[in-house]
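Working notes, structure below.
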Amino acid sequence: MPSFLELLETHSALDAVFQEHQYALLHFDFALALKILQEYRSLLEAHMADEENLLLPLHGERADIGKDGGKHLFLFEHEKMRRRLKLFIEATESLFTEKYPEAVILRLLDREAFYNRLCSHHDIRETRILYPELDKVTNETERTEIFGRLIAARAVTMPCPTVSNTAVETDLHQE
Ligand SMILES: [Fe+2]
Ligand SMILES: [Fe+2]
């Protein structure tokens, strides 16, 4: 039986892509770090669009919205995430011409750690409030139909260049 809690897999997939961006930073591979971060942003935008266009309106229509369950809080956090990502992309772009990239990387990782805490707080509210309530107020047929319309659940399965893959490929070429 489909459940909206399956979207937690999308959250985990997004976290994994973001972590690959951080690994690339630690390897001083700025081009890869930027490419993965841009990829992460489009995947996150697709997921947030699913929530903003399909899930939150449905939640607003049918669920008994209590404290912390209102649409505006989810939207407010999405906006915060968008604003921070824009800054991370700018900071990563600046690394190409930076004379002392180490300092920028440290500052960037520090801000990204704060961003990760924001995301995890957001995930908790969706896990405890949004997704279980949507399960309660929809039937199986509706859930199947809605899942068919979700873009991000499909998008996160797209191949993404990763540091781990790059390292594996390099090892293979050296053998
Ligand atoms: Fe989400
Ligand atoms: Fe969200």
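Chain labels follow the order of the structure tokens: the first chain is A, the next B, and so on; residue numbering restarts at 1 in every chain, and ligands are counted from 1 in their shown order.
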
Next on the checklist: I'd like the neighbourhood of segment 2-8 of chain A as a PyMOL selection string, where a residue qualifies if any of its atoms comes within 8 Å (using only C-alpha atoms), though same-chain residues fewer than 3 positions away should be ignored.
Outcome noted: chain A and resi 11-12+127+131-132+134-135+140+143-144+153

Item to check | Contacts of ligand 1, 7 Å or closer, only C-alpha atoms and all ligand atoms, given as a list of chain:residue names | outcome: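 Based on only C-alpha atoms and all ligand atoms, ligand 1 is surrounded within 7 Å by A:Leu7, A:His11, A:His47, A:Met48, A:Glu51, A:Asp123, A:Glu126.
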
Please, could you write that set of residues out with N, CA and C atoms as a PDB file, in the first residue's frame?
ATOM      1  N   LEU A   7       8.327   9.093   0.662  1.00  0.00           N
ATOM      2  CA  LEU A   7       9.091  10.269   0.216  1.00  0.00           C
ATOM      3  C   LEU A   7      10.333  10.510   1.071  1.00  0.00           C
ATOM      4  N   HIS A  11      14.173  12.269   0.455  1.00  0.00           N
ATOM      5  CA  HIS A  11      14.988  13.094   1.369  1.00  0.00           C
ATOM      6  C   HIS A  11      16.384  12.493   1.524  1.00  0.00           C
ATOM      7  N   HIS A  47      11.477  18.348  -5.861  1.00  0.00           N
ATOM      8  CA  HIS A  47      10.797  17.803  -4.679  1.00  0.00           C
ATOM      9  C   HIS A  47       9.927  18.873  -4.007  1.00  0.00           C
ATOM     10  N   MET A  48      10.466  20.086  -3.889  1.00  0.00           N
ATOM     11  CA  MET A  48       9.697  21.151  -3.243  1.00  0.00           C
ATOM     12  C   MET A  48       8.489  21.526  -4.108  1.00  0.00           C
ATOM     13  N   GLU A  51       5.784  19.140  -3.430  1.00  0.00           N
ATOM     14  CA  GLU A  51       5.119  19.436  -2.158  1.00  0.00           C
ATOM     15  C   GLU A  51       4.254  20.688  -2.264  1.00  0.00           C
ATOM     16  N   ASP A 123      12.740  18.025   7.678  1.00  0.00           N
ATOM     17  CA  ASP A 123      12.423  16.606   7.440  1.00  0.00           C
ATOM     18  C   ASP A 123      11.592  16.038   8.591  1.00  0.00           C
ATOM     19  N   GLU A 126       8.043  17.142   8.352  1.00  0.00           N
ATOM     20  CA  GLU A 126       7.317  16.456   7.272  1.00  0.00           C
ATOM     21  C   GLU A 126       7.054  14.991   7.635  1.00  0.00           C
TER      22      GLU A 126
END

Next on the checklist: Distance limit 12 Å, reference ligand 2, atoms considered: only C-alpha atoms and all ligand atoms. Which residues make the cut? Give them as number ranges by chain.
Outcome noted: A: 7-8, 10-11, 14, 44-56, 71-82, 118-127, 129-131, 152

Checklist entry - If we count only C-alpha atoms, what is near segment 30-39 of chain A at a cut-off of 10 Å, once residues fewer than 3 positions away on the same chain are taken out, given as a VMD selection string? => result chain A and resid 14 17 to 27 42 to 45 85 to 86 88 to 96 101 156 158 160 to 163 166

Could the residues in this selection be written to a file with C-alpha atoms, as a tab-separated table (two decimals), in the first residue's frame?
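So out-v1.tsv came out as:
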chain	number	residue	atom	x	y	z
A	14	LEU	CA	18.92	14.37	-1.65
A	17	VAL	CA	23.82	14.08	-3.28
A	18	PHE	CA	24.56	17.06	-1.01
A	19	GLN	CA	27.18	15.01	0.81
A	20	GLU	CA	28.85	14.16	-2.51
A	21	HIS	CA	29.15	17.90	-3.16
A	22	GLN	CA	30.91	18.25	0.20
A	23	TYR	CA	33.25	15.35	-0.58
A	24	ALA	CA	34.19	17.06	-3.84
A	25	LEU	CA	34.97	20.25	-1.90
A	26	LEU	CA	37.26	18.29	0.40
A	27	HIS	CA	39.01	16.89	-2.68
A	42	SER	CA	17.34	20.99	-9.40
A	43	LEU	CA	16.43	17.77	-7.56
A	44	LEU	CA	15.47	19.70	-4.44
A	45	GLU	CA	13.44	22.19	-6.52
A	85	LEU	CA	21.60	27.21	-1.72
A	86	LYS	CA	21.98	30.30	-3.87
A	88	PHE	CA	26.45	28.11	-1.55
A	89	ILE	CA	26.49	28.10	-5.35
A	90	GLU	CA	27.99	31.60	-5.40
A	91	ALA	CA	30.62	30.60	-2.82
A	92	THR	CA	31.51	27.44	-4.76
A	93	GLU	CA	31.82	29.47	-7.99
A	94	SER	CA	34.14	31.90	-6.22
A	95	LEU	CA	36.57	29.05	-5.40
A	96	PHE	CA	37.81	28.93	-9.02
A	101	PRO	CA	40.38	28.57	-1.18
A	156	VAL	CA	16.33	11.47	-7.76
A	158	MET	CA	18.83	10.08	-12.27
A	160	CYS	CA	24.65	11.96	-10.72
A	161	PRO	CA	28.43	12.36	-11.06
A	162	THR	CA	29.88	11.43	-7.70
A	163	VAL	CA	33.26	11.66	-6.08
A	166	THR	CA	35.15	9.28	-9.98

Next on the checklist: Can you pull out every residue from segment 62-153 of chain A that DSSP, working from the backbone, puts in helix (DSSP H, G or I), and format the result as a PyMOL selection string?
Outcome noted: chain A and resi 62+71-97+101-137+140-149+152-153

Checklist entry - Distance atom CA of Arg83 of chain A-atom CA of Tyr115 of chain A, one decimal place? => result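 Interatomic distance, atom CA of Arg83 of chain A to atom CA of Tyr115 of chain A: 10.4 Å.
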
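Here atom CA of Tyr100 of chain A is placed at a distance of 11.8 Å from atom CA of Phe28 of chain A.
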
Checklist entry - When you draw a straight line from atom CA of Gly70 of chain A to atom CA of Lys136 of chain A, how long is it in Å? => result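 We find that atom CA of Gly70 of chain A and atom CA of Lys136 of chain A lie 16.5 Å from each other.
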
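Minimum atom-to-atom distance to Glu112 of chain A, evaluated using only C-alpha atoms, belongs to A:Arg84 out of A:Arg84, A:Arg149, A:His59, A:Arg41.
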